[in-house]
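**Student:** Got a structure here, written out as structure tokens. Questions coming.
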Amino acid sequence: LTQALLHPKRGIEKEYVATVQGKVDKERLEKLLSDGVETTEGVHSAKLIEVTSSEGPRVDEFDGKAANNHEVNDGDDLHDEDFSGPYSDIRLVVTEGKYRMVRRMLANCGHPVVELRRERHGRVLLKDLPVGKFRKLSEEETSWIESLI
């Protein structure tokens with residue numbers, strides 16, 4: 001099942017919302033992502049869905065800290081407290097899922113990620129499912145997963 005869900009040859013879409021630093025030029029980013037962005041792991045492409053302005057990283061309701069703040073800009077020494085400008089939310093879809101790929105792609109496009117949330121994996125909608133929590137799959141989601149194996 002893991003191989004069926006994760007292997008790039010299956011082309012299963014993974015949808016993310018990334019909160020990034022700065023105001024985003026949607027047309028420029030859309031072209032960069034569709035043409036492919038070079039990272040240390042190779043060239044990767046994505047489909048840009050939408051760009052909206054953002055209040056910045058969400059605060060984790062469990063500990064009161066900004067979610068994923070320790071993982072800003074692919075682990076480099078840039079920290080959220082160093083940034084005072086606007087934030088944007090970028091919704092995009094990838095069919096590959098290499099470690100930190102979305103963070104690397106967006107950072108290389110000039111938009112360091114301060115928070116990244118996966119919202120969909122194929123037909124399984126994650127939406128606001130808290131980190132570390134789980135839910136029962138719907139009948140439609142179960143049927144889709146069973147069709148993969």
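Chain labels run A, B, ... following the order of the structure tokens; each chain numbers its residues from 1, and ligands are numbered from 1 in the order shown.
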With 10 Å as the cut-off and only C-alpha atoms counted, what is the closest atom pair between each nearby residue of region 85-109 of chain A and region 25-40 of chain A? Distances in Å to one decimal, ordered by chain and number, as a Markdown table.
**Tutor:**
```
| residue | atom | partner | partner_atom | distance |
| --- | --- | --- | --- | --- |
| A:Ile90 | CA | A:Lys26 | CA | 9.1 |
| A:Leu92 | CA | A:Leu33 | CA | 9.2 |
| A:Val94 | CA | A:Leu33 | CA | 9.9 |
| A:Met101 | CA | A:Thr39 | CA | 7.8 |
| A:Val102 | CA | A:Thr39 | CA | 9.9 |
| A:Arg103 | CA | A:Thr39 | CA | 9.9 |
| A:Arg104 | CA | A:Thr39 | CA | 6.2 |
| A:Met105 | CA | A:Val37 | CA | 5.8 |
| A:Leu106 | CA | A:Val37 | CA | 8.5 |
| A:Ala107 | CA | A:Thr39 | CA | 9.4 |
| A:Asn108 | CA | A:Thr39 | CA | 7.2 |
| A:Cys109 | CA | A:Leu29 | CA | 7.1 |
```
**Student:** Which polymer residues have any atom within 7 Å of an atom of region 13-22 of chain A, counting only C-alpha atoms, with same-chain residues fewer than 3 positions away left out, as a compact mmCIF listing (two decimals) with C-alpha atoms, in the first residue's frame?
**Tutor:**
```
# COMPACT_ATOMS: atom_id res chain seq x y z
CA GLY A 56 1.54 34.21 8.68
CA PRO A 57 2.11 30.84 10.33
CA GLY A 85 7.17 41.66 5.76
CA PRO A 86 3.98 40.18 4.29
CA TYR A 87 3.16 36.47 4.09
CA SER A 88 1.37 34.56 1.35
CA ASP A 89 -0.34 31.17 1.20
CA ILE A 90 0.47 29.07 -1.86
CA ARG A 91 -1.74 26.09 -2.73
CA LEU A 92 0.00 23.64 -5.08
CA VAL A 93 -0.14 20.05 -6.26
CA VAL A 94 2.80 17.70 -6.80
CA THR A 95 2.88 14.09 -7.97
CA HIS A 111 9.71 32.25 -1.18
CA PRO A 112 11.02 30.62 2.02
CA VAL A 113 8.39 28.38 3.64
CA VAL A 114 7.48 29.08 7.26
CA GLU A 115 4.67 26.51 7.43
CA LEU A 116 3.69 23.61 5.22
CA ARG A 117 0.47 21.60 5.45
CA ARG A 118 -0.52 18.63 3.30
CA GLU A 119 -4.23 18.95 2.66
CA ARG A 120 -4.85 16.05 0.29
CA HIS A 121 -3.17 12.81 -0.69
CA GLY A 122 -4.90 11.49 -3.80
```
**Student:** For CA of Lys47 (chain A) and CA of Glu96 (chain A), determine how far apart the two atoms are, in Å to one decimal place.
**Tutor:** 11.7 Å
**Student:** Work out how far apart CA of Tyr99 (chain A) and CA of Val43 (chain A) are and give it in Å to one decimal.
**Tutor:**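 If I compute the distance from CA of Tyr99 (chain A) to CA of Val43 (chain A), I get 13.5 Å.
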**Student:** Among region 3-50 of chain A, which ones does DSSP place in alpha helix (DSSP H), written as a PyMOL selection string?
**Tutor:** chain A and resi 3-6+26-35
**Student:** If we count only C-alpha atoms and set the cut-off at 10 Å, which residues sit around Ser147 (chain A), ignoring sequence neighbours fewer than 5 positions away in its own chain? Please answer as a list in words.
**Tutor:**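 Skipping anything fewer than 5 positions along the chain leaves Ala4, Glu141 and Thr142 of chain A.
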**Student:** Just asking: which residues within chain A are strand (DSSP E) according to DSSP, as number ranges by chain?
**Tutor:** A: 14-21, 37-39, 42-44, 47-54, 87-94, 113-121, 124-125
